[in-house]
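Next up, structure-v5.txt (compact mmCIF, C-alpha atoms and all ligand atoms):
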# COMPACT_ATOMS: atom_id res chain seq x y z
CA MET A 100 13.07 -2.05 6.57
CA THR A 101 11.93 -5.63 6.02
CA SER A 102 15.44 -7.06 5.71
CA PHE A 103 16.03 -8.00 9.36
CA TYR A 104 15.00 -11.61 8.73
CA PRO A 105 18.38 -12.89 7.45
CA ALA A 106 19.79 -11.99 10.89
CA LEU A 107 16.86 -13.44 12.83
CA ARG A 108 16.47 -16.66 10.88
CA PRO A 109 19.58 -18.48 12.19
CA LEU A 110 18.37 -17.84 15.74
CA LEU A 111 14.87 -19.13 15.00
CA PHE A 112 16.34 -22.11 13.14
CA GLN A 113 18.23 -23.16 16.28
CA LEU A 114 14.85 -23.84 17.85
CA ASP A 115 12.51 -26.70 17.08
CA ALA A 116 10.37 -25.60 14.09
CA GLU A 117 7.12 -25.66 16.05
CA THR A 118 8.62 -23.65 18.93
CA ALA A 119 9.94 -21.04 16.47
CA HIS A 120 6.46 -20.79 14.95
CA ALA A 121 4.86 -20.37 18.39
CA ILE A 122 7.29 -17.51 19.15
CA THR A 123 6.41 -15.84 15.84
CA LEU A 124 2.70 -16.06 16.65
CA GLN A 125 3.33 -14.67 20.15
CA ALA A 126 5.20 -11.72 18.65
CA LEU A 127 2.31 -11.04 16.28
CA ARG A 128 -0.15 -11.23 19.16
CA ALA A 129 1.93 -8.78 21.20
CA VAL A 130 1.99 -6.34 18.28
CA GLN A 131 -1.75 -6.66 17.81
CA HIS A 132 -2.40 -5.37 21.31
CA SER A 133 -1.02 -1.98 20.37
CA PRO A 134 -2.68 0.00 17.59
CA ALA A 135 0.54 2.05 17.26
CA LEU A 136 2.69 -1.08 16.72
CA LEU A 137 0.13 -2.46 14.29
CA ARG A 138 0.39 0.78 12.29
CA ILE A 139 4.20 0.52 12.26
CA LEU A 140 3.97 -3.07 11.03
CA THR A 141 1.59 -1.98 8.28
CA ARG A 142 3.94 0.82 7.26
CA MET A 143 6.88 -1.60 7.13
CA PHE A 144 5.21 -4.47 5.32
CA ALA A 145 1.99 -3.64 3.54
CA PHE A 146 2.18 -2.85 -0.17
CA GLU A 147 -0.70 -1.36 -2.10
CA ASP A 148 -1.18 -1.08 -5.84
CA ALA A 149 -4.54 -0.86 -7.56
CA ARG A 150 -3.42 -3.34 -10.23
CA LEU A 151 -3.07 -6.06 -7.58
CA ARG A 152 -6.72 -5.82 -6.60
CA THR A 153 -8.89 -8.70 -7.60
CA GLU A 154 -12.43 -9.92 -7.05
CA VAL A 155 -13.14 -13.62 -6.56
CA CYS A 156 -16.53 -15.13 -5.71
CA GLY A 157 -17.88 -11.64 -5.03
CA LEU A 158 -15.14 -10.94 -2.46
CA ARG A 159 -12.69 -8.08 -2.89
CA PHE A 160 -9.00 -8.75 -2.31
CA ARG A 161 -6.40 -5.95 -2.17
CA ASN A 162 -3.78 -8.38 -3.48
CA PRO A 163 -3.76 -12.05 -4.47
CA ILE A 164 -1.43 -13.44 -1.75
CA GLY A 165 -2.97 -14.83 1.42
CA ILE A 166 -1.87 -16.85 4.42
CA ALA A 167 -2.48 -20.60 4.08
CA ALA A 168 -4.33 -22.66 6.66
CA GLY A 169 -2.29 -24.03 9.53
CA TYR A 170 -0.28 -20.84 10.08
CA ASP A 171 -2.86 -19.37 12.45
CA LYS A 172 -4.81 -22.43 13.48
CA ASN A 173 -6.73 -20.75 16.30
CA ALA A 174 -7.50 -17.44 14.60
CA ALA A 175 -5.34 -15.59 17.11
CA CYS A 176 -3.26 -13.39 14.79
CA VAL A 177 -5.49 -12.17 11.96
CA PRO A 178 -4.93 -8.41 12.49
CA GLY A 179 -1.16 -8.97 12.69
CA LEU A 180 -1.11 -11.09 9.53
CA SER A 181 -3.26 -8.54 7.79
CA ALA A 182 -0.76 -5.82 8.81
CA LEU A 183 2.01 -7.90 7.16
CA GLY A 184 0.14 -7.27 3.92
CA ALA A 185 -1.81 -10.51 3.50
CA GLY A 186 -4.54 -10.20 0.86
CA HIS A 187 -6.56 -12.74 2.82
CA VAL A 188 -6.07 -14.96 5.84
CA GLU A 189 -7.31 -18.53 6.12
CA VAL A 190 -7.46 -19.63 9.76
CA GLY A 191 -7.74 -23.21 11.04
CA THR A 192 -7.95 -26.07 10.56
CA LEU A 193 -10.53 -25.90 13.35
CA THR A 194 -12.14 -29.09 14.62
CA PRO A 195 -15.27 -29.48 16.78
CA LEU A 196 -13.32 -30.31 19.95
CA ALA A 197 -9.94 -29.17 21.20
CA GLN A 198 -7.25 -31.71 20.30
CA ARG A 199 -3.54 -32.03 20.96
CA GLY A 200 -2.44 -33.57 17.68
CA ASN A 201 0.45 -36.01 17.34
CA ALA A 202 3.45 -36.34 19.65
CA ARG A 203 6.29 -33.81 19.24
CA PRO A 204 8.58 -33.33 17.40
CA ARG A 205 6.15 -33.16 14.49
CA VAL A 206 7.39 -30.32 12.27
CA PHE A 207 10.76 -30.75 10.53
CA ARG A 208 12.79 -28.27 8.49
CA LEU A 209 14.34 -29.50 5.28
CA ALA A 210 16.62 -26.49 4.89
CA GLN A 211 18.53 -27.70 1.81
CA ASP A 212 15.19 -28.12 0.06
CA ALA A 213 13.44 -24.97 1.39
CA ALA A 214 10.74 -27.34 2.63
CA LEU A 215 8.98 -28.58 5.74
CA ILE A 216 7.52 -31.92 6.71
CA ASN A 217 4.74 -31.76 9.29
CA ARG A 218 2.62 -34.37 10.97
CA LEU A 219 0.85 -32.05 13.37
CA GLY A 220 -2.56 -33.77 13.16
CA PHE A 221 -4.70 -30.62 13.62
CA PRO A 222 -3.69 -29.49 17.11
CA ASN A 223 -6.13 -26.68 17.89
CA ALA A 224 -8.14 -25.26 20.74
CA GLY A 225 -11.43 -26.34 19.16
CA ILE A 226 -14.21 -24.34 17.62
CA VAL A 227 -15.78 -23.21 20.89
CA ALA A 228 -12.58 -21.47 21.96
CA ALA A 229 -12.21 -19.83 18.54
CA LEU A 230 -15.77 -18.49 18.23
CA PRO A 231 -15.38 -15.41 20.47
CA ARG A 232 -12.22 -14.42 18.56
CA LEU A 233 -13.98 -14.93 15.23
CA ALA A 234 -16.94 -12.86 16.42
CA ALA A 235 -14.60 -10.08 17.61
CA LEU A 236 -12.82 -10.08 14.25
CA ARG A 237 -16.10 -9.72 12.41
CA ALA A 238 -17.21 -6.92 14.73
CA ARG A 239 -13.96 -4.99 14.32
CA GLY A 240 -13.80 -5.52 10.55
CA HIS A 241 -10.60 -6.40 8.76
CA ALA A 242 -8.83 -5.37 5.59
CA ALA A 243 -8.27 -8.95 4.46
CA PRO A 244 -11.12 -11.37 3.75
CA LEU A 245 -11.19 -14.21 6.28
CA GLY A 246 -11.37 -17.86 5.29
CA ILE A 247 -12.21 -20.43 7.95
CA ASN A 248 -10.82 -23.90 7.35
CA ILE A 249 -12.76 -26.74 9.01
CA GLY A 250 -11.84 -30.37 9.53
CA LYS A 251 -13.04 -33.60 11.03
CA GLY A 252 -11.97 -34.33 14.61
CA ARG A 253 -9.35 -37.01 15.00
CA ASP A 254 -11.61 -39.29 17.06
CA THR A 255 -14.69 -38.89 14.89
CA PRO A 256 -15.25 -42.08 12.88
CA LEU A 257 -15.14 -41.43 9.14
CA GLU A 258 -18.79 -42.37 8.73
CA LEU A 259 -19.70 -39.51 11.09
CA ALA A 260 -17.44 -36.95 9.39
CA LEU A 261 -20.49 -35.27 7.85
CA GLU A 262 -21.76 -34.37 11.30
CA ASP A 263 -18.48 -32.68 12.23
CA TYR A 264 -18.40 -30.59 9.05
CA SER A 265 -22.10 -29.72 9.36
CA THR A 266 -21.75 -28.61 12.97
CA LEU A 267 -18.66 -26.56 12.16
CA LEU A 268 -20.28 -24.88 9.17
CA GLN A 269 -23.29 -23.90 11.23
CA GLN A 270 -21.08 -22.45 13.96
CA VAL A 271 -18.62 -20.48 11.87
CA HIS A 272 -20.64 -19.21 8.92
CA PRO A 273 -21.57 -15.83 10.47
CA PHE A 274 -17.90 -14.94 10.80
CA ALA A 275 -16.40 -16.20 7.53
CA ASP A 276 -15.91 -14.65 4.10
CA TYR A 277 -15.38 -18.15 2.77
CA ILE A 278 -15.22 -21.65 4.20
CA ALA A 279 -12.53 -24.17 3.33
CA ILE A 280 -13.54 -27.80 3.70
CA ASN A 281 -10.32 -29.63 4.50
CA ILE A 282 -10.41 -33.23 3.33
CA SER A 283 -6.77 -33.46 2.39
CA SER A 284 -4.50 -33.36 5.42
CA PRO A 285 -2.33 -36.50 5.42
CA ASN A 286 -2.07 -36.44 9.23
CA THR A 287 -5.62 -37.29 10.28
CA PRO A 288 -6.03 -41.01 9.63
CA GLY A 289 -8.49 -41.71 6.81
CA LEU A 290 -9.27 -38.03 6.11
CA ARG A 291 -8.09 -38.18 2.51
CA THR A 292 -10.53 -40.98 1.70
CA LEU A 293 -13.23 -38.28 1.87
CA GLN A 294 -11.86 -37.09 -1.47
CA SER A 295 -13.34 -40.13 -3.27
CA SER A 296 -16.55 -39.24 -5.05
CA ALA A 297 -18.51 -41.90 -3.10
CA ALA A 298 -17.71 -40.07 0.14
CA LEU A 299 -17.45 -36.54 -1.19
CA ALA A 300 -20.70 -36.18 -3.12
CA PRO A 301 -22.95 -36.79 -0.06
CA LEU A 302 -20.72 -34.61 2.12
CA LEU A 303 -20.78 -31.67 -0.29
CA GLY A 304 -24.49 -32.18 -0.97
CA ALA A 305 -25.30 -31.93 2.74
CA LEU A 306 -23.08 -28.89 3.24
CA GLN A 307 -24.63 -27.14 0.24
CA GLN A 308 -28.07 -27.73 1.69
CA LEU A 309 -26.98 -26.14 4.98
CA ARG A 310 -25.41 -23.28 3.09
CA ARG A 311 -28.58 -22.58 1.12
CA GLN A 312 -30.53 -22.57 4.37
CA HIS A 313 -28.18 -20.49 6.54
CA CYS A 314 -25.67 -18.58 4.43
CA PRO A 315 -26.54 -18.65 0.71
CA ARG A 316 -23.93 -16.04 -0.21
CA LEU A 317 -21.00 -17.73 1.50
CA PRO A 318 -18.57 -19.43 -0.91
CA LEU A 319 -17.49 -22.98 -0.05
CA PHE A 320 -14.02 -24.16 -1.11
CA VAL A 321 -12.71 -27.71 -1.02
CA LYS A 322 -9.03 -28.15 -0.16
CA ILE A 323 -7.42 -30.99 -2.03
CA ALA A 324 -4.25 -33.10 -1.92
CA PRO A 325 -1.64 -32.96 -4.67
CA ASP A 326 -1.44 -36.76 -4.62
CA LEU A 327 -4.64 -37.57 -6.53
CA SER A 328 -4.40 -39.25 -9.93
CA PRO A 329 -5.94 -37.28 -12.83
CA ALA A 330 -8.94 -39.63 -12.78
CA GLN A 331 -9.44 -39.18 -9.02
CA LEU A 332 -9.14 -35.43 -9.43
CA ASP A 333 -11.78 -35.44 -12.20
CA GLU A 334 -14.15 -37.40 -9.97
CA LEU A 335 -13.62 -34.91 -7.18
CA LEU A 336 -14.22 -31.99 -9.54
CA ASP A 337 -17.41 -33.61 -10.83
CA ALA A 338 -18.68 -33.83 -7.25
CA ALA A 339 -17.68 -30.20 -6.60
CA LEU A 340 -19.37 -28.96 -9.77
CA ALA A 341 -22.53 -31.00 -9.17
CA ASN A 342 -22.83 -29.47 -5.70
CA ASP A 343 -22.28 -25.81 -6.56
CA ILE A 344 -18.91 -25.57 -4.83
CA ALA A 345 -17.36 -22.13 -5.42
CA GLY A 346 -13.77 -23.23 -5.67
CA VAL A 347 -10.85 -25.47 -4.90
CA ILE A 348 -7.74 -24.82 -2.82
CA ALA A 349 -4.87 -26.59 -4.55
CA THR A 350 -3.00 -27.92 -2.75
CA ASN A 351 -2.36 -29.29 0.70
CA THR A 352 0.95 -30.98 1.54
CA THR A 353 2.17 -34.10 -0.29
CA THR A 354 3.05 -37.57 0.93
CA ALA A 355 5.45 -37.89 -2.03
CA ARG A 356 9.19 -37.29 -1.52
CA PRO A 357 10.49 -35.80 -4.78
CA ASN A 358 14.34 -35.71 -4.90
CA LEU A 359 15.00 -34.28 -1.45
CA ARG A 360 18.50 -33.60 -0.12
CA SER A 361 17.88 -32.74 3.54
CA PRO A 362 18.55 -35.22 6.37
CA ALA A 363 14.93 -35.01 7.59
CA ALA A 364 13.56 -36.08 4.17
CA GLY A 365 12.50 -39.47 5.54
CA ALA A 366 10.24 -38.04 8.25
CA GLU A 367 6.62 -39.10 8.15
CA GLY A 368 4.05 -36.42 7.32
CA GLY A 369 3.13 -33.93 4.64
CA LEU A 370 5.81 -32.16 2.62
CA SER A 371 5.40 -28.45 1.80
CA GLY A 372 7.58 -25.78 0.24
CA VAL A 373 9.62 -25.60 -2.95
CA PRO A 374 9.61 -29.36 -3.78
CA LEU A 375 5.78 -29.19 -3.81
CA GLN A 376 5.73 -26.50 -6.51
CA PRO A 377 5.47 -28.72 -9.63
CA ALA A 378 2.74 -31.01 -8.27
CA SER A 379 0.55 -28.20 -6.96
CA THR A 380 0.95 -26.17 -10.16
CA ALA A 381 0.07 -29.26 -12.23
CA ALA A 382 -3.07 -29.76 -10.12
CA ILE A 383 -4.08 -26.10 -10.67
CA ARG A 384 -3.55 -26.42 -14.42
CA HIS A 385 -5.62 -29.60 -14.53
CA ILE A 386 -8.48 -28.09 -12.51
CA ARG A 387 -8.62 -24.97 -14.68
CA LYS A 388 -8.64 -27.04 -17.86
CA TYR A 389 -11.31 -29.42 -16.58
CA SER A 390 -13.64 -26.89 -14.99
CA GLY A 391 -13.26 -23.92 -17.33
CA ASN A 392 -14.34 -20.87 -15.37
CA GLN A 393 -16.82 -22.69 -13.16
CA LEU A 394 -14.49 -23.01 -10.18
CA ALA A 395 -12.32 -20.42 -8.48
CA ILE A 396 -8.85 -21.72 -7.62
CA ILE A 397 -6.68 -20.72 -4.68
CA GLY A 398 -3.16 -21.95 -5.43
CA ALA A 399 -0.72 -23.00 -2.72
CA GLY A 400 2.47 -25.03 -2.77
CA GLY A 401 6.01 -23.71 -2.59
CA ILE A 402 5.35 -20.10 -3.56
CA ASP A 403 8.51 -18.28 -2.48
CA CYS A 404 8.90 -15.42 -4.97
CA ALA A 405 6.99 -13.40 -7.57
CA ALA A 406 7.99 -15.76 -10.40
CA ALA A 407 6.55 -18.76 -8.53
CA ALA A 408 3.40 -16.75 -7.85
CA LEU A 409 3.03 -15.84 -11.52
CA GLU A 410 3.54 -19.47 -12.51
CA LYS A 411 0.51 -20.46 -10.43
CA LEU A 412 -1.58 -17.52 -11.68
CA SER A 413 -0.70 -18.51 -15.25
CA ALA A 414 -1.70 -22.11 -14.52
CA GLY A 415 -5.15 -20.80 -13.63
CA ALA A 416 -5.15 -19.76 -9.97
CA ASN A 417 -7.27 -16.72 -9.02
CA LEU A 418 -5.68 -16.30 -5.59
CA LEU A 419 -2.57 -17.65 -3.88
CA GLN A 420 -1.48 -18.69 -0.41
CA VAL A 421 1.86 -19.11 1.35
CA TYR A 422 3.04 -20.90 4.46
CA THR A 423 6.47 -22.53 4.10
CA GLY A 424 7.85 -19.56 2.15
CA LEU A 425 7.24 -17.38 5.21
CA VAL A 426 9.43 -19.69 7.30
CA TYR A 427 12.36 -19.45 4.88
CA GLN A 428 11.94 -15.90 3.54
CA GLY A 429 10.39 -14.20 6.54
CA PRO A 430 7.48 -11.80 6.88
CA GLY A 431 8.67 -9.58 4.01
CA LEU A 432 7.70 -12.32 1.55
CA LEU A 433 4.18 -11.00 0.94
CA GLN A 434 5.51 -7.54 0.08
CA ALA A 435 8.31 -9.01 -2.07
CA ILE A 436 5.84 -11.06 -4.11
CA ASN A 437 3.43 -8.17 -4.55
CA ARG A 438 6.24 -5.77 -5.51
CA GLY A 439 7.58 -8.33 -7.95
CA LEU A 440 4.16 -8.80 -9.54
CA VAL A 441 3.78 -5.04 -9.97
CA GLN A 442 7.21 -4.86 -11.62
CA MET A 443 6.17 -7.60 -14.04
CA LEU A 444 2.89 -5.79 -14.73
CA ALA A 445 4.83 -2.64 -15.59
CA GLN A 446 7.47 -4.45 -17.69
CA ARG A 447 4.88 -6.30 -19.72
CA GLY A 448 2.42 -3.44 -19.98
CA ALA A 449 -0.37 -5.48 -18.38
CA ARG A 450 -3.23 -3.66 -16.68
CA SER A 451 -4.39 -6.43 -14.34
CA LEU A 452 -3.23 -9.70 -12.83
CA ALA A 453 -5.55 -11.57 -15.18
CA GLU A 454 -3.86 -9.91 -18.16
CA LEU A 455 -0.40 -10.65 -16.72
CA ALA A 456 -1.31 -14.28 -16.06
CA ALA A 457 -2.67 -14.72 -19.57
CA GLY A 458 0.83 -13.70 -20.77
C1 LIG A 501 3.25 -26.73 9.64
C2 LIG A 501 2.08 -26.76 8.67
C3 LIG A 501 0.80 -26.91 9.17
C4 LIG A 501 -0.29 -26.95 8.28
N1 LIG A 501 -1.55 -27.07 8.78
C5 LIG A 501 -2.60 -27.07 7.93
C6 LIG A 501 -3.92 -27.14 8.42
O1 LIG A 501 -4.17 -27.15 9.63
N2 LIG A 501 -4.92 -27.17 7.52
C7 LIG A 501 -4.72 -27.13 6.16
O2 LIG A 501 -5.68 -27.15 5.39
N3 LIG A 501 -3.47 -27.03 5.67
C8 LIG A 501 -2.42 -27.01 6.52
N4 LIG A 501 -1.16 -26.91 6.01
C9 LIG A 501 -0.95 -26.87 4.55
C10 LIG A 501 -0.78 -25.44 4.03
O3 LIG A 501 -1.97 -24.70 4.25
C11 LIG A 501 -0.46 -25.42 2.52
O4 LIG A 501 -1.56 -25.96 1.81
C12 LIG A 501 0.79 -26.21 2.17
O5 LIG A 501 1.76 -26.11 3.17
C13 LIG A 501 1.39 -25.78 0.83
O6 LIG A 501 1.80 -24.43 0.86
P1 LIG A 501 3.33 -23.98 1.18
O7 LIG A 501 4.22 -24.82 0.31
O8 LIG A 501 3.37 -22.53 0.88
O9 LIG A 501 3.55 -24.27 2.62
C14 LIG A 501 -0.06 -26.86 6.89
C15 LIG A 501 1.25 -26.69 6.41
C16 LIG A 501 2.32 -26.64 7.28
C17 LIG A 501 3.71 -26.45 6.72
Please re-express this file's structure in structure tokens.
Ligand SMILES: Cc1cc2nc3c(=O)[nH]c(=O)nc-3n(C[C@H](O)[C@H](O)[C@H](O)COP(=O)(O)O)c2cc1C
Amino acid sequence: MTSFYPALRPLLFQLDAETAHAITLQALRAVQHSPALLRILTRMFAFEDARLRTEVCGLRFRNPIGIAAGYDKNAACVPGLSALGAGHVEVGTLTPLAQRGNARPRVFRLAQDAALINRLGFPNAGIVAALPRLAALRARGHAAPLGINIGKGRDTPLELALEDYSTLLQQVHPFADYIAINISSPNTPGLRTLQSSAALAPLLGALQQLRRQHCPRLPLFVKIAPDLSPAQLDELLDAALANDIAGVIATNTTTARPNLRSPAAGAEGGLSGVPLQPASTAAIRHIRKYSGNQLAIIGAGGIDCAAAALEKLSAGANLLQVYTGLVYQGPGLLQAINRGLVQMLAQRGARSLAELAAG
């Protein structure tokens, strides 16, 4: 039932990548309005197996595969994405004010590489527009834990970034199961400099203080770039550990261009998808080794099948996220990965994902 995508994909791929994505979101929104359609979607796509269940930072996940930030920037499609079988949904990046982002075109398909390059620059309707939707989601309850990804506004000077993150945290905390602090998008000028320990330690310290005051049980995650040197990554992890951060999301898109074949390879922006796999997996492995079990890790970067998912789990990820894989493989990807993981569990006689990942 989930195999219609090979027929639909060539039609979507005739459109500009961002337009195709907007149509997909509109379709999900239309489905969400009808409980009957939502049930049909769930029947088609969702896949349950007790062995896929996992608990991370006190949160219960029905499976390890979630939707990465940027897919549903304005938190408009959470019930639809949940019906597709997502184990969690991370919405955003949300900024304090509405912003348009960079000029279009700003998302490019690299079809020969199963990759995308985007330089969106956080277009979003702003936190104030998202709050009623977030409140409604919390009131209605949802099967998949909800992460809210927050970022500095484009026009906020870097030295005032702390104020943006603080304001956002205070506004969204009642509606989130976890917060992702995005300091790693390559498309907001200067944002990645917040990853240096000189900038990060005070930022995380201030956010932890707010958390203790307002939402002591809410896990904070830091989302990192795959382009940090091992020494820079260690510094970042030291700052995270010193400030009681619950986990790291590894990784965002890369500014590197590893052996690409597609004509759009030279486009400016962040590269995601299959070519990002090795760098993001290496980052996960490094974080797990450096932090032991003190940090949870959400792994993202080119996951497009069960084997790629297992590779990241084996490198040390507790949870996983996909974005670009959905563009190339379609909405059945979540089910395909979960089915594949269950097959591997059965073949190898493992009782849990942790056992499977440990090999
Ligand atoms: C078009 C696009 C927009 C994105 N927007 C965001 C964003 O707003 N915030 C964020 O933290 N990550 C964003 N990302 C990064 C993804 O969340 C993810 O970390 C990255 O794409 C790697 O996963 P993938 O290879 O499965 O796509 C975006 C990625 C893409 C492709």
With all atoms listed in the file as the atoms that count, which of A:Ala214, A:Ala174, A:Ile386, A:Leu233 lies nearest to A:Asp333?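 With all atoms listed in the file as the atom set, the closest residue is A:Ile386.
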Taking all atoms listed in the file into account, name the residue in A:Leu359, A:Ala238, A:Leu299, A:Val321 that is nearest to ligand LIG 501 (chain A). A:Val321
Within 8 Å of ligand LIG 501 (chain A), counting all atoms listed in the file, which protein or nucleic acid residues do you find, written as a ChimeraX atom specification? /A:117,166-170,172,191-193,206,214-222,248-250,279,281-284,322,348-352,369-373,375-376,399-403,420-425
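When all atoms listed in the file are used to measure the gap to A:Asn392, the shortest distance among A:Asn417, A:Val227, A:Ala406, A:Arg199 belongs to A:Asn417.
Nearest residue to A:Leu140 among A:Gly439, A:Gly391, A:Gly431, A:Gly398 is A:Gly431, counting all atoms listed in the file.
Relative to atom CA of A:Ala363, atom CA of A:Ala324 is found at 21.5 Å.
Shortest atom-to-atom contact with A:Leu419 among A:Ser390, A:Thr292, A:Gln331, A:Asn162: A:Asn162, counting all atoms listed in the file.
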Of the residues A:Met443, A:Ala457, A:Leu418, A:Cys314, which is the one nearest to A:Thr153, using only C-alpha atoms?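 That would be A:Leu418, the residue with the smallest distance to A:Thr153.
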Report, in Å to a single decimal, how far apart atom CA of A:Ile278 and atom CA of A:Glu367 are. 28.2 Å
Which residues are near stretch 131-136 of chain A? Cut-off 9 Å, all atoms listed in the file, ignore same chain within fewer than 4 positions. Put them as a tab-separated table (two decimals) with C-alpha atoms, in the coordinates of the input.
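As a result, around32.tsv now contains:
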chain	number	residue	atom	x	y	z
A	126	ALA	CA	5.20	-11.72	18.65
A	127	LEU	CA	2.31	-11.04	16.28
A	140	LEU	CA	3.97	-3.07	11.03
A	141	THR	CA	1.59	-1.98	8.28
A	176	CYS	CA	-3.26	-13.39	14.79
A	177	VAL	CA	-5.49	-12.17	11.96
A	178	PRO	CA	-4.93	-8.41	12.49
A	179	GLY	CA	-1.16	-8.97	12.69
So how many Å separate atom CA of A:Ala243 and atom CA of A:Val426, to one decimal?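 Calculated distance between atom CA of A:Ala243 and atom CA of A:Val426 is 20.9 Å.
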Would you give the centre and edge lengths, in Å to one decimal, of a box along x, y and z around the listed atoms of stretch 298-315 of chain A, with 4 Å added to each side, as lines of an AutoDock Vina configuration file?
center_x = -24.0
center_y = -29.3
center_z = 1.7
size_x = 21.1
size_y = 29.5
size_z = 17.7
Excluding same-chain residues fewer than 2 positions from A:Leu306, what lies within 9 Å of it counting only C-alpha atoms, as a list of chain:residue names? A:Leu261, A:Tyr264, A:Ser265, A:Leu268, A:Pro301, A:Leu302, A:Leu303, A:Gly304, A:Gln308, A:Leu309, A:Arg310, A:Arg311, A:Leu319, A:Asn342
Within-6 Å shell of (18.5, -30.8, -0.8) in input frame, all atoms listed in the file, as JSON, numbers by chain: {"A": [211, 212, 359, 360, 361]}
